[in-house]
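Enquirer: Have a look at this one.
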Amino acid sequence: RGLRSPLVDATVAGDGSCLLDDEGHTIIASEVYQTDDGPDLIRIPPGAELPCCPATGKPVRPNVLMFNDYGINLDRNERQEREFRRFESTLPRECRLVIVEIGAGHAVPTIRMRSEETAHRFPSSVLIRINLDDDEFPRALRRQGIALPLGALEALELLRNAVEAKRSHHGPNQSKKKSRKTKKK
């Protein structure tokens with residue numbers, strides 16, 4: 001299909017901030033993987049300015065779990081998971097939750113499974129799935145699902161425009177109940 005750059009063996013620094021080679025030197029991917037559709041923008045092109053840690057000046061990496069990434073520091077992820085579960089536990093089961101999922105496909109289904117699990121737990125919720133390739137829903141979620149087979153930016157702009165149109169029609173803080181006149185006693 002395309003030309004793939006060679007892989008470099010690396011481990012993740014103890015603080016999760018960067019990739020280290022066998023000798024402990026900081027490394028980062030610097031080749032572009034050319035696909036039939038153009039460059040894979042997940043990799044950093046040669047000569048690009050890399051994000052650096054303000055404290056150490058060393059290149060940083062996203063705080064996401066990569067394949068075979070056994071050295072990642074999961075402390076932050078575990079705190080976020082606890083906070084998310086705590087927040088979720090405060091919501092009534094019947095709340096009208098909107099779940100927006102962007103680019104979660106079948107190759108790494110973690111986020112997709114979380115979105116579907118959350119939608120199942122909250123039957124009045126709506127799951128908006130933004131994905132060019134994998135926008136389908138399981139049968140049990142088809143009533144709750146809105147598929148947007150678009151790129152992320154285009155879909156988010158579409159959603160923003162829809163929300164703004166709704167607000168301008170109903171007012172920023174009005175619902176149908178609030179907009180009804182109440183009788184004075």
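Naming scheme: A, B, ... for chains in displayed order of the structure tokens; residues 1 onward per chain; ligands 1 onward as shown.
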With only C-alpha atoms counted and 12 Å as the cut-off, give the residues of stretch 85-135 of chain A in contact with stretch 64-74 of chain A, each with its shortest interatomic distance in Å and the pair that gives it, as CSV.
Expert:
```
residue,atom,partner,partner_atom,distance
A:Ala107,CA,A:Phe67,CA,11.6
A:Val108,CA,A:Phe67,CA,9.9
A:Thr110,CA,A:Leu65,CA,11.0
```
Enquirer: What lies within 10 Å of A:Leu150 using only C-alpha atoms, ignoring chain neighbours under 6 positions off, as a PyMOL selection string?
Expert: chain A and resi 102-103+129-133+135+156+158
Enquirer: Can you pull out the residues contacting A:Gln144? Cut-off 7 Å, using only C-alpha atoms, and skip same-chain residues under 5 positions away; I want them as a PyMOL selection string.
Expert: chain A and resi 125-127
Enquirer: I need the chosen residues saved as a short mmCIF file (atom, residue, chain, number, x, y, z; two decimals), in the first residue's frame, with all heavy atoms.
Expert:
```cif
data_model
loop_
_atom_site.label_atom_id
_atom_site.label_comp_id
_atom_site.auth_asym_id
_atom_site.auth_seq_id
_atom_site.Cartn_x
_atom_site.Cartn_y
_atom_site.Cartn_z
N SER A 125 -30.42 8.65 26.86
CA SER A 125 -29.27 9.34 26.26
C SER A 125 -29.28 9.22 24.74
O SER A 125 -30.00 8.42 24.16
CB SER A 125 -27.96 8.76 26.81
OG SER A 125 -27.80 7.42 26.37
N VAL A 126 -28.46 10.06 24.13
CA VAL A 126 -28.23 10.01 22.68
C VAL A 126 -26.73 9.83 22.48
O VAL A 126 -25.93 10.51 23.11
CB VAL A 126 -28.68 11.33 22.01
CG1 VAL A 126 -28.29 11.36 20.54
CG2 VAL A 126 -30.17 11.53 22.17
N LEU A 127 -26.37 8.89 21.62
CA LEU A 127 -24.97 8.65 21.28
C LEU A 127 -24.73 9.15 19.87
O LEU A 127 -25.31 8.63 18.92
CB LEU A 127 -24.63 7.16 21.39
CG LEU A 127 -23.26 6.71 20.88
CD1 LEU A 127 -22.12 7.50 21.50
CD2 LEU A 127 -23.07 5.22 21.11
#
```
Enquirer: A:Ile128, A:Arg121, A:Ala165, A:Phe84: which is nearest A:Ile146, counting only C-alpha atoms?
Expert: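 Checking each candidate against A:Ile146, we get A:Ile128 as the closest.
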Enquirer: Would you please work out which residue, of A:Thr118, A:Glu101, A:Ser168, A:His106, is nearest to A:Gly151 when using only C-alpha atoms?
Expert: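 Closest to A:Gly151 of all the choices is A:Glu101.
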